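Have a look at structure11.cif below; it lists mmCIF, C-alpha atoms.
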data_start
#
loop_
_atom_site.label_atom_id
_atom_site.label_comp_id
_atom_site.auth_asym_id
_atom_site.auth_seq_id
_atom_site.Cartn_x
_atom_site.Cartn_y
_atom_site.Cartn_z
CA MET A 1 -24.13 -40.73 -11.88
CA GLY A 2 -26.32 -42.54 -9.44
CA SER A 3 -27.11 -45.20 -12.01
CA ASP A 4 -23.37 -45.78 -12.50
CA VAL A 5 -22.75 -46.53 -8.86
CA SER A 6 -21.24 -49.92 -8.62
CA ASN A 7 -22.76 -52.54 -6.37
CA SER A 8 -19.65 -54.63 -6.32
CA GLY A 9 -18.55 -53.48 -2.87
CA PRO A 10 -18.35 -50.61 -0.34
CA VAL A 11 -14.91 -49.34 -1.67
CA SER A 12 -16.17 -48.85 -5.23
CA ARG A 13 -19.33 -47.14 -4.00
CA ARG A 14 -17.26 -44.71 -1.90
CA ALA A 15 -15.01 -43.98 -4.90
CA CYS A 16 -18.02 -43.14 -7.07
CA LEU A 17 -19.49 -40.90 -4.40
CA ARG A 18 -16.15 -39.07 -4.05
CA THR A 19 -16.06 -38.56 -7.83
CA ARG A 20 -19.65 -37.25 -7.85
CA LYS A 21 -18.82 -34.82 -5.05
CA ALA A 22 -15.71 -33.68 -6.91
CA VAL A 23 -17.65 -33.04 -10.12
CA ASN A 24 -20.45 -31.19 -8.35
CA ARG A 25 -18.22 -29.11 -6.07
CA VAL A 26 -17.85 -25.48 -7.25
CA ASP A 27 -14.22 -24.48 -7.28
CA SER A 28 -12.64 -21.23 -6.13
CA PHE A 29 -13.52 -19.56 -9.44
CA GLY A 30 -17.18 -20.15 -8.76
CA THR A 31 -17.33 -22.57 -11.66
CA PHE A 32 -17.43 -26.31 -12.05
CA PRO A 33 -13.95 -27.85 -12.51
CA TYR A 34 -14.69 -29.01 -16.03
CA LEU A 35 -15.32 -25.31 -16.88
CA ARG A 36 -11.98 -24.13 -15.37
CA PRO A 37 -9.70 -22.56 -18.05
CA THR A 38 -7.00 -24.85 -19.38
CA CYS A 39 -4.55 -21.97 -19.79
CA MET A 40 -3.96 -18.66 -18.03
CA GLN A 41 -6.64 -16.14 -19.01
CA ILE A 42 -5.71 -12.48 -18.76
CA THR A 43 -8.15 -9.62 -19.16
CA LEU A 44 -6.49 -6.36 -20.17
CA LEU A 45 -8.18 -3.12 -19.17
CA PRO A 46 -9.12 -0.56 -20.37
CA GLN A 47 -8.68 -2.27 -23.74
CA HIS A 48 -11.22 -5.00 -22.71
CA LYS A 49 -9.01 -7.56 -24.43
CA LEU A 50 -8.60 -11.22 -23.46
CA VAL A 51 -5.18 -12.85 -23.77
CA GLU A 52 -4.22 -16.46 -23.02
CA LEU A 53 -0.80 -17.65 -21.89
CA GLN A 54 0.45 -21.18 -21.40
CA GLY A 55 2.13 -22.41 -18.26
CA ARG A 56 2.64 -21.30 -14.70
CA ARG A 57 4.47 -17.96 -14.57
CA ARG A 58 5.75 -15.29 -12.28
CA VAL A 59 3.93 -11.94 -12.62
CA ALA A 60 7.14 -10.24 -13.73
CA ASP A 61 7.43 -12.76 -16.57
CA ILE A 62 3.80 -12.25 -17.59
CA LEU A 63 4.37 -8.50 -17.86
CA LYS A 64 7.52 -9.10 -19.91
CA ALA A 65 5.65 -11.47 -22.24
CA LEU A 66 2.96 -8.84 -22.81
CA ASP A 67 5.51 -6.00 -23.18
CA LEU A 68 4.08 -4.15 -20.20
CA ILE A 69 6.24 -1.89 -18.03
CA PRO A 70 6.17 -2.74 -14.30
CA GLY A 71 4.58 0.04 -12.29
CA THR A 72 2.24 1.02 -15.13
CA VAL A 73 -0.31 -1.72 -14.45
CA MET A 74 -2.07 -3.37 -11.52
CA VAL A 75 -2.29 -7.14 -11.60
CA ILE A 76 -5.48 -8.34 -9.94
CA ARG A 77 -6.31 -11.90 -8.94
CA ARG A 78 -9.88 -12.25 -7.65
CA ASP A 79 -10.15 -9.29 -5.27
CA GLU A 80 -6.49 -8.80 -4.37
CA LEU A 81 -3.39 -7.29 -5.93
CA VAL A 82 -0.37 -9.43 -6.70
CA THR A 83 3.24 -8.28 -6.80
CA ASP A 84 5.91 -8.97 -9.45
CA GLN A 85 7.28 -11.93 -7.51
CA ASP A 86 3.97 -13.77 -7.07
CA MET A 87 3.27 -16.89 -9.12
CA VAL A 88 0.18 -17.28 -11.27
CA GLU A 89 -0.96 -20.82 -11.97
CA ALA A 90 -1.45 -22.12 -15.49
CA ASP A 91 -5.24 -22.24 -15.20
CA GLU A 92 -5.91 -19.01 -13.33
CA ARG A 93 -7.76 -15.90 -14.43
CA ILE A 94 -6.24 -12.50 -13.73
CA GLU A 95 -6.90 -8.92 -14.73
CA ILE A 96 -4.17 -6.51 -15.76
CA ARG A 97 -5.39 -2.95 -15.43
CA ASN A 98 -3.49 0.00 -16.89
CA VAL A 99 -2.98 2.79 -14.36
CA ILE A 100 -1.46 5.49 -16.57
CA SER A 101 -3.94 8.16 -17.65
CA GLY A 102 -3.55 10.67 -20.42
CA GLY A 103 -5.24 13.65 -18.86
CA MET B 1 6.35 -14.28 -1.46
CA ILE B 2 7.14 -10.68 -0.60
CA LYS B 3 6.31 -9.69 2.97
CA CYS B 4 4.92 -6.42 4.25
CA LYS B 5 7.64 -4.09 5.58
CA ARG B 6 5.50 -3.12 8.59
CA CYS B 7 3.70 -6.23 9.73
CA ARG B 8 5.43 -9.09 7.80
CA GLU B 9 2.11 -10.36 6.35
CA LYS B 10 1.86 -11.13 2.63
CA ALA B 11 2.41 -7.94 0.61
CA GLU B 12 -0.02 -6.80 -2.08
CA VAL B 13 1.63 -3.53 -3.13
CA GLN B 14 5.31 -3.14 -3.94
CA ILE B 15 6.80 0.36 -4.05
CA ARG B 16 10.27 0.04 -5.46
CA HIS B 17 11.34 3.68 -5.10
CA HIS B 18 10.73 3.40 -1.36
CA ASN B 19 12.34 -0.06 -1.28
CA ALA B 20 9.19 -1.32 0.39
CA ALA B 21 6.17 -3.58 0.02
CA PHE B 22 2.98 -3.43 2.04
CA CYS B 23 -0.07 -5.51 2.83
CA ARG B 24 -3.46 -3.93 2.22
CA SER B 25 -3.98 -2.15 5.53
CA CYS B 26 -0.37 -1.04 5.89
CA PHE B 27 -0.39 0.39 2.36
CA LEU B 28 -3.50 2.46 3.06
CA PHE B 29 -1.81 3.78 6.21
CA PHE B 30 1.38 4.54 4.25
CA PHE B 31 -0.48 6.30 1.44
CA ARG B 32 -2.48 8.53 3.77
CA ARG B 33 0.62 9.37 5.74
CA GLN B 34 2.52 10.33 2.54
CA VAL B 35 -0.28 12.64 1.51
CA GLY B 36 -0.68 14.08 5.01
CA ARG B 37 3.04 14.80 5.23
CA ALA B 38 3.06 16.49 1.80
CA ILE B 39 0.19 18.75 2.89
CA GLU B 40 1.97 19.74 6.10
CA LYS B 41 5.46 20.15 4.64
CA GLU B 42 4.30 22.32 1.71
CA LEU B 43 1.86 24.28 3.92
CA MET B 44 -0.95 23.51 1.49
CA PHE B 45 -3.82 24.15 3.89
CA THR B 46 -4.84 23.85 7.52
CA PRO B 47 -7.52 21.64 9.08
CA GLN B 48 -9.62 24.79 9.62
CA GLU B 49 -9.82 25.67 5.92
CA LYS B 50 -12.58 24.46 3.59
CA ILE B 51 -11.13 22.54 0.64
CA LEU B 52 -12.75 22.35 -2.79
CA VAL B 53 -11.65 19.08 -4.42
CA ALA B 54 -11.81 18.86 -8.20
CA VAL B 55 -13.20 15.38 -8.93
CA SER B 56 -13.48 13.87 -12.38
CA GLY B 57 -14.55 10.32 -11.47
CA GLY B 58 -11.06 8.98 -12.16
CA LYS B 59 -8.82 7.11 -9.73
CA ASP B 60 -6.63 10.08 -8.75
CA SER B 61 -9.32 12.60 -7.83
CA LEU B 62 -11.46 10.06 -5.99
CA ALA B 63 -8.41 8.71 -4.14
CA LEU B 64 -7.52 12.28 -3.18
CA TRP B 65 -11.02 13.05 -1.94
CA ASP B 66 -11.20 9.82 0.05
CA THR B 67 -7.79 10.45 1.60
CA LEU B 68 -8.61 14.03 2.60
CA VAL B 69 -11.81 12.84 4.24
CA GLU B 70 -9.93 10.08 6.09
CA LEU B 71 -7.36 12.64 7.27
CA GLY B 72 -10.19 14.72 8.72
CA TYR B 73 -10.25 17.70 6.35
CA ASN B 74 -13.41 19.67 5.52
CA THR B 75 -14.02 18.96 1.83
CA THR B 76 -16.55 19.61 -0.93
CA GLY B 77 -16.28 18.06 -4.36
CA ALA B 78 -16.53 19.98 -7.64
CA HIS B 79 -17.36 17.97 -10.75
CA LEU B 80 -17.57 19.23 -14.33
CA ALA B 81 -19.73 17.20 -16.72
CA LEU B 82 -17.70 17.91 -19.84
CA GLY B 83 -20.25 16.55 -22.33
CA ILE B 84 -17.85 14.08 -23.95
CA GLY B 85 -20.51 11.46 -24.71
CA GLU B 86 -20.77 8.24 -22.71
CA TYR B 87 -17.36 8.78 -21.08
CA SER B 88 -18.60 11.94 -19.34
CA ASN B 89 -21.92 10.35 -18.40
CA LEU B 90 -20.07 7.51 -16.69
CA SER B 91 -17.68 9.92 -14.97
CA THR B 92 -20.56 11.95 -13.56
CA GLN B 93 -22.42 8.82 -12.46
CA LYS B 94 -19.41 7.42 -10.59
CA THR B 95 -18.59 10.76 -8.97
CA GLU B 96 -22.14 11.27 -7.76
CA GLU B 97 -22.30 7.71 -6.45
CA PHE B 98 -19.01 8.16 -4.58
CA ALA B 99 -20.32 11.34 -2.93
CA ARG B 100 -23.70 9.80 -2.15
CA GLN B 101 -22.20 6.69 -0.50
CA ARG B 102 -20.00 8.80 1.77
CA ASN B 103 -22.55 11.56 2.31
CA LEU B 104 -20.18 14.21 0.95
CA PRO B 105 -21.24 17.54 -0.58
CA LEU B 106 -20.76 17.75 -4.34
CA ILE B 107 -21.20 20.65 -6.76
CA THR B 108 -21.81 19.50 -10.34
CA VAL B 109 -21.74 21.84 -13.35
CA ARG B 110 -22.94 20.58 -16.70
CA LEU B 111 -21.06 22.42 -19.44
CA ALA B 112 -23.71 21.51 -22.01
CA ASP B 113 -26.19 23.70 -20.11
CA GLU B 114 -24.06 26.72 -21.01
CA HIS B 115 -23.32 25.52 -24.56
CA ALA B 116 -19.74 25.00 -23.39
CA ASP B 117 -19.50 21.22 -23.72
CA ILE B 118 -16.11 20.22 -25.05
CA PRO B 119 -17.22 18.67 -28.37
CA SER B 120 -19.14 21.87 -29.27
CA VAL B 121 -16.30 24.18 -28.25
CA SER B 122 -13.79 22.12 -30.19
CA ARG B 123 -16.04 21.92 -33.26
CA PHE B 124 -16.98 25.62 -33.45
CA THR B 125 -13.51 26.98 -32.71
CA ASN B 126 -11.40 24.40 -34.57
CA ARG B 127 -9.24 24.08 -31.47
CA PRO B 128 -7.97 20.70 -30.20
CA ALA B 129 -10.39 19.26 -27.66
CA CYS B 130 -7.71 19.07 -24.95
CA ALA B 131 -6.87 22.77 -25.26
CA ALA B 132 -10.54 23.73 -24.97
CA CYS B 133 -10.97 21.30 -22.07
CA GLY B 134 -8.08 22.77 -20.09
CA THR B 135 -9.35 26.33 -20.54
CA ALA B 136 -12.90 25.36 -19.55
CA LYS B 137 -11.82 23.38 -16.49
CA ARG B 138 -9.60 26.17 -15.15
CA HIS B 139 -12.36 28.72 -15.65
CA TYR B 140 -15.17 26.74 -14.07
CA LEU B 141 -13.14 25.47 -11.11
CA ASP B 142 -11.96 29.02 -10.32
CA ARG B 143 -15.52 30.28 -10.65
CA ILE B 144 -17.02 27.56 -8.45
CA ALA B 145 -14.37 28.17 -5.78
CA PHE B 146 -15.05 31.92 -5.80
CA GLU B 147 -18.86 31.69 -5.90
CA HIS B 148 -18.96 29.20 -3.01
CA GLY B 149 -16.34 30.89 -0.86
CA PHE B 150 -13.49 28.36 -1.11
CA ARG B 151 -9.95 29.70 -0.71
CA VAL B 152 -8.28 26.36 -1.52
CA LEU B 153 -8.71 24.21 -4.63
CA ALA B 154 -7.13 20.73 -4.55
CA THR B 155 -6.53 18.69 -7.70
CA GLY B 156 -5.50 15.06 -8.13
CA HIS B 157 -2.25 15.63 -10.05
CA ASN B 158 0.16 12.86 -9.07
CA LEU B 159 3.91 12.30 -9.38
CA ASP B 160 3.62 10.83 -12.88
CA ASP B 161 1.66 13.91 -14.03
CA GLU B 162 4.18 16.30 -12.50
CA ALA B 163 7.21 14.44 -13.86
CA ALA B 164 5.72 14.31 -17.38
CA ARG B 165 4.81 17.98 -17.24
CA LEU B 166 8.31 18.84 -16.02
CA MET B 167 9.86 16.82 -18.82
CA GLY B 168 7.74 18.64 -21.41
CA ASN B 169 8.57 22.05 -19.94
CA VAL B 170 12.30 21.27 -19.84
CA LEU B 171 12.45 19.81 -23.35
CA ARG B 172 10.90 23.02 -24.67
CA TRP B 173 12.43 25.33 -22.05
CA ARG B 174 9.11 26.93 -21.27
CA VAL B 175 10.51 29.07 -18.50
CA ASP B 176 7.20 30.73 -17.62
CA HIS B 177 5.60 27.29 -17.16
CA LEU B 178 8.58 26.13 -15.09
CA ALA B 179 8.09 29.11 -12.80
CA LYS B 180 4.50 28.06 -12.18
CA GLN B 181 5.20 24.34 -11.72
CA HIS B 182 4.84 23.87 -7.97
CA PRO B 183 2.54 21.80 -5.72
CA VAL B 184 1.23 25.07 -4.22
CA LEU B 185 0.21 28.02 -6.40
CA GLU B 186 -0.76 31.00 -4.29
CA ALA B 187 -3.64 33.11 -5.51
CA ASN B 188 -2.52 36.31 -7.25
CA HIS B 189 -6.04 37.73 -7.39
CA GLU B 190 -8.78 37.98 -4.78
CA ARG B 191 -11.07 35.88 -6.97
CA PHE B 192 -8.58 33.02 -7.34
CA ALA B 193 -8.20 30.18 -4.88
CA ARG B 194 -4.87 28.73 -3.81
CA LYS B 195 -4.27 25.69 -6.00
CA VAL B 196 -2.67 22.66 -4.37
CA LYS B 197 -1.65 19.16 -5.45
CA PRO B 198 -1.54 16.90 -2.37
CA LEU B 199 -0.76 13.78 -4.45
CA PHE B 200 2.31 15.26 -6.12
CA LYS B 201 4.69 12.76 -4.47
CA VAL B 202 2.67 9.59 -5.03
CA THR B 203 2.74 7.66 -8.31
CA GLU B 204 -0.21 6.73 -10.48
CA TYR B 205 0.34 3.11 -9.51
CA GLU B 206 -0.08 4.03 -5.86
CA THR B 207 -3.28 6.06 -6.44
CA ALA B 208 -4.69 3.21 -8.53
CA ALA B 209 -3.79 0.66 -5.85
CA TYR B 210 -5.32 2.90 -3.18
CA SER B 211 -8.56 3.26 -5.14
CA PHE B 212 -8.73 -0.47 -5.81
CA LEU B 213 -8.00 -1.51 -2.22
CA CYS B 214 -10.53 1.01 -0.86
CA ARG B 215 -13.12 -0.41 -3.28
CA ILE B 216 -13.58 2.96 -4.95
CA ASP B 217 -15.57 2.51 -8.15
CA TYR B 218 -13.70 4.81 -10.54
CA VAL B 219 -13.79 5.25 -14.32
CA VAL B 220 -11.27 2.80 -15.76
CA ASP B 221 -11.77 3.78 -19.40
CA GLU B 222 -9.67 6.63 -20.75
CA CYS B 223 -10.98 9.88 -22.16
CA PRO B 224 -11.44 9.26 -25.92
CA ASN B 225 -9.59 12.52 -26.64
CA SER B 226 -6.45 11.38 -24.83
CA VAL B 227 -5.37 8.89 -27.50
CA GLY B 228 -1.87 9.81 -28.68
CA ALA B 229 -1.51 12.59 -26.10
CA THR B 230 2.04 13.91 -25.68
CA GLN B 231 1.70 13.51 -21.93
CA LEU B 232 1.36 9.74 -22.42
CA ARG B 233 4.57 9.57 -24.43
CA TYR B 234 6.48 11.39 -21.71
CA LYS B 235 5.00 9.09 -19.08
CA GLU B 236 6.05 6.01 -21.03
CA LEU B 237 9.63 7.26 -21.31
CA LEU B 238 9.77 8.11 -17.63
CA ASN B 239 8.28 4.77 -16.60
CA ARG B 240 10.85 2.91 -18.69
CA LEU B 241 13.57 4.83 -16.87
CA GLU B 242 11.85 4.18 -13.55
CA ALA B 243 11.68 0.43 -14.20
CA SER B 244 15.47 0.23 -14.50
CA MET B 245 16.29 3.07 -12.07
CA PRO B 246 13.65 3.19 -9.31
CA GLY B 247 13.29 6.65 -7.83
CA THR B 248 13.96 8.56 -11.07
CA LYS B 249 10.57 10.29 -11.19
CA LEU B 250 10.58 11.34 -7.54
CA THR B 251 14.14 12.63 -7.70
CA PHE B 252 13.41 14.50 -10.94
CA VAL B 253 10.48 16.39 -9.41
CA GLN B 254 11.83 16.80 -5.88
CA GLU B 255 15.21 18.10 -6.94
CA PHE B 256 13.65 20.50 -9.44
CA LEU B 257 11.51 21.95 -6.65
CA ARG B 258 14.42 22.06 -4.21
CA SER B 259 17.27 23.26 -6.44
CA ALA B 260 15.93 24.78 -9.63
CA HIS B 261 12.40 26.11 -9.26
CA SER B 262 13.39 29.33 -7.50
CA ARG B 263 15.63 30.30 -10.44
CA PHE B 264 12.64 30.67 -12.75
CA VAL B 265 10.46 33.75 -12.58
CA ALA B 266 7.16 34.00 -14.45
CA PRO B 267 7.29 36.86 -17.01
CA ASN B 268 4.74 39.68 -16.51
CA PRO B 269 3.96 38.80 -12.91
CA VAL B 270 1.50 41.72 -12.81
CA PRO B 271 -1.76 40.66 -11.17
CA PRO B 272 -4.43 40.19 -13.82
CA THR B 273 -7.38 42.54 -14.38
CA THR B 274 -11.03 41.49 -14.46
CA CYS B 275 -13.01 40.01 -17.36
CA GLN B 276 -15.83 42.30 -18.47
CA SER B 277 -18.05 39.31 -19.29
CA CYS B 278 -17.78 37.04 -16.26
CA GLY B 279 -15.87 39.12 -13.68
CA MET B 280 -13.14 36.53 -13.26
CA PRO B 281 -9.43 37.50 -13.44
CA SER B 282 -8.19 38.25 -16.94
CA PHE B 283 -5.17 39.60 -18.80
CA GLY B 284 -7.40 41.50 -21.22
CA GLU B 285 -10.92 42.85 -21.58
CA ARG B 286 -12.26 39.30 -21.64
CA CYS B 287 -10.73 36.20 -20.15
CA SER B 288 -9.57 33.37 -22.44
CA PHE B 289 -12.65 31.28 -21.64
CA CYS B 290 -15.12 34.08 -22.44
CA ASN B 291 -13.24 34.73 -25.67
CA LEU B 292 -13.66 31.06 -26.51
CA LEU B 293 -17.34 31.06 -25.60
CA GLY B 294 -17.90 34.21 -27.63
CA GLU B 295 -16.35 32.53 -30.64
CA VAL B 296 -18.61 29.48 -30.15
CA GLN B 297 -21.72 31.61 -29.87
CA SER B 298 -20.97 33.75 -32.91
CA LYS B 299 -20.18 30.74 -35.09
CA ARG B 300 -23.23 28.91 -33.80
CA ASN B 301 -25.41 31.96 -34.60
CA GLY B 302 -23.77 32.22 -38.01
CA ARG B 303 -24.61 28.59 -38.77
CA GLU B 304 -28.18 29.01 -37.59
CA LEU B 305 -28.58 32.05 -39.85
CA ALA B 306 -27.09 30.13 -42.77
CA ASP B 307 -29.50 27.26 -42.13
#
Would you kindly transcribe this structure into structure tokens?
Amino acid sequence: MGSDVSNSGPVSRRACLRTRKAVNRVDSFGTFPYLRPTCMQITLLPQHKLVELQGRRRVADILKALDLIPGTVMVIRRDELVTDQDMVEADERIEIRNVISGG
Amino acid sequence: MIKCKRCREKAEVQIRHHNAAFCRSCFLFFFRRQVGRAIEKELMFTPQEKILVAVSGGKDSLALWDTLVELGYNTTGAHLALGIGEYSNLSTQKTEEFARQRNLPLITVRLADEHADIPSVSRFTNRPACAACGTAKRHYLDRIAFEHGFRVLATGHNLDDEAARLMGNVLRWRVDHLAKQHPVLEANHERFARKVKPLFKVTEYETAAYSFLCRIDYVVDECPNSVGATQLRYKELLNRLEASMPGTKLTFVQEFLRSAHSRFVAPNPVPPTTCQSCGMPSFGERCSFCNLLGEVQSKRNGRELAD
């Protein structure tokens, strides 16, 4: 990146430095932005299954799309629970954990 | 964004049948208060009594144990290593870690040490694993309570468990089971402990949320023998009803206890006699568990002779 820094003027040099900082900055997922998922990634437990959904959605709509009954699963984003009315962005990772046990 | 009913911060847990949502700290307060109130209202036990808590490593039993400790009760855990492969190993590991982190006393019994592990019992007696498991758990928990001087045994049965059990008992009109379905079962023999279910009014979602928010490391995977269990089918039906009519499960159980339970009387309420093998209460010469173990031993000996 350093070799691509333009010498044509201070504005261009600042723009390149901003870009380099943006590429190198770790995002809230702990990954580099170019490694961020391009669609919603959902881990289902205890099945240990990964499902992908397109688009920004409300949690209630995600459960409906996966044919899951509200109140039978916990929806976890990072280290917090989200309710049915919360929105999940198109490129986020969440975990949906079944809470109903058989015995 | 849904706000917490108590403090108006962002809510993490929504409880429709209470028409409420709570943030993390308010939910933990609410949960403990619900359990504390259930204990007091049903006269389950007093702060002076020692409580034996049956812990499996799952979310319900660990949430129960944590809550009882937070409420200030004197508790000891009882864990049965059932011998169901890696699932049981993980359950034991998580239970022991939970107890170690909180410096809580734990009694662990390994069924394999007495040739009573569930896979062996099921194999040698041709009984379903769940039937053998239930008999073994009841026997060992009663025995541990008696041998260690506990008069109260608490289990992590929650509202979903009780509602599903009630549905099964009603669909089959098992009147003797209905008579015994209560959050408090008094001991009818000097060697039995009083059996209580402090979580009987909280849902599985709430116990799971409690365990998650308290950072309790519980076993997420299901018992491999529970696939296709009837209990799960009842729970699914009830949860579908609950989703469209919040409060169905709680009303079902509460109103049964309030209006209908007293109309059922257990047949043959004669106090049981004593098993000649293990000394625990029994309806015959040997208790059902010792009969089962005897069958395992004789078939195992028969196979060894044949080999």
Residues of chain A within 9 Å of chain B, counting all atoms listed in the file, as number ranges by chain: A: 45-47, 69-74, 79-87, 97-103
Explicit residues for the PyMOL selection byres ((chain B and resi 102) around 12) (as a ChimeraX atom specification): /B:62,65-66,69-70,75-77,95-101,103-106,216
Selection dump of the PyMOL selection byres ((chain B and resi 115-119) around 12), as a ChimeraX atom specification: /B:80-85,88,109-114,120-137,139-140,223-225,289-298,300
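Of note, atom CA of Lys195 of chain B and atom CA of His182 of chain B are spaced 9.5 Å apart.
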Point-to-point distance from atom CA of Gly168 of chain B to atom CA of Gln181 of chain B, Å rounded to tenths: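 For atom CA of Gly168 of chain B relative to atom CA of Gln181 of chain B, the distance reads 11.5 Å.
Between atom CA of Ala54 of chain B and atom CA of Leu178 of chain B the interatomic distance comes to 22.7 Å.
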Within 7 Å of Ile42 of chain A, counting only C-alpha atoms, which residues qualify if same-chain residues fewer than 5 places away don't, as an mmCIF file with C-alpha atoms, keeping the file's coordinate frame?
data_model
loop_
_atom_site.group_PDB
_atom_site.id
_atom_site.type_symbol
_atom_site.label_atom_id
_atom_site.label_comp_id
_atom_site.auth_asym_id
_atom_site.auth_seq_id
_atom_site.Cartn_x
_atom_site.Cartn_y
_atom_site.Cartn_z
ATOM 1 C CA LEU A 50 -8.600 -11.220 -23.460
ATOM 2 C CA VAL A 51 -5.180 -12.850 -23.770
ATOM 3 C CA GLU A 52 -4.220 -16.460 -23.020
ATOM 4 C CA ARG A 93 -7.760 -15.900 -14.430
ATOM 5 C CA ILE A 94 -6.240 -12.500 -13.730
ATOM 6 C CA GLU A 95 -6.900 -8.920 -14.730
ATOM 7 C CA ILE A 96 -4.170 -6.510 -15.760
#
Selection near Ser61 of chain B, 7 Å with all atoms listed in the file, sequence-local residues under 6 positions removed, as a list in words: Ala54, Val55, Thr155 and Gly156 of chain B
From B:Tyr234, B:Gln48, B:Ala38, B:Thr274, residue lying nearest Leu171 of chain B [all atoms listed in the file]: B:Tyr234
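With all atoms listed in the file as the atoms that count, the residue of B:Ala179, B:Leu237, B:Val184, B:Gly57 with the shortest distance to Asn89 of chain B is B:Gly57.
Closest approach to Ser91 of chain B among B:Leu71, B:Phe146, B:Asp217, B:Cys7 is made by B:Asp217 (distances from all atoms listed in the file).
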Distance query Ile51 of chain B at most 7 Å, all atoms listed in the file, self and fewer than 4 positions along chain excluded, as a PyMOL selection string: chain B and resi 74-76+150+152-154
Please list as a compact mmCIF listing (two decimals) with C-alpha atoms, keeping the file's coordinate frame every residue within 8 Å of Pro183 of chain B, counting all atoms listed in the file and excluding residues in the same chain fewer than 6 positions away.
# COMPACT_ATOMS: atom_id res chain seq x y z
CA GLU B 42 4.30 22.32 1.71
CA LYS B 195 -4.27 25.69 -6.00
CA VAL B 196 -2.67 22.66 -4.37
CA LYS B 197 -1.65 19.16 -5.45
CA PRO B 198 -1.54 16.90 -2.37
CA PHE B 200 2.31 15.26 -6.12
The PyMOL selection byres ((chain B and resi 193) around 9) resolved against shown file, as a PyMOL selection string: chain B and resi 142+145-146+150-153+185-192+194-195
Those same residues - C-alpha atoms - I'd like them written as a short mmCIF file (atom, residue, chain, number, x, y, z; two decimals), in the frame of the given file.
data_model
loop_
_atom_site.label_atom_id
_atom_site.label_comp_id
_atom_site.auth_asym_id
_atom_site.auth_seq_id
_atom_site.Cartn_x
_atom_site.Cartn_y
_atom_site.Cartn_z
CA ASP B 142 -11.96 29.02 -10.32
CA ALA B 145 -14.37 28.17 -5.78
CA PHE B 146 -15.05 31.92 -5.80
CA PHE B 150 -13.49 28.36 -1.11
CA ARG B 151 -9.95 29.70 -0.71
CA VAL B 152 -8.28 26.36 -1.52
CA LEU B 153 -8.71 24.21 -4.63
CA LEU B 185 0.21 28.02 -6.40
CA GLU B 186 -0.76 31.00 -4.29
CA ALA B 187 -3.64 33.11 -5.51
CA ASN B 188 -2.52 36.31 -7.25
CA HIS B 189 -6.04 37.73 -7.39
CA GLU B 190 -8.78 37.98 -4.78
CA ARG B 191 -11.07 35.88 -6.97
CA PHE B 192 -8.58 33.02 -7.34
CA ARG B 194 -4.87 28.73 -3.81
CA LYS B 195 -4.27 25.69 -6.00
#
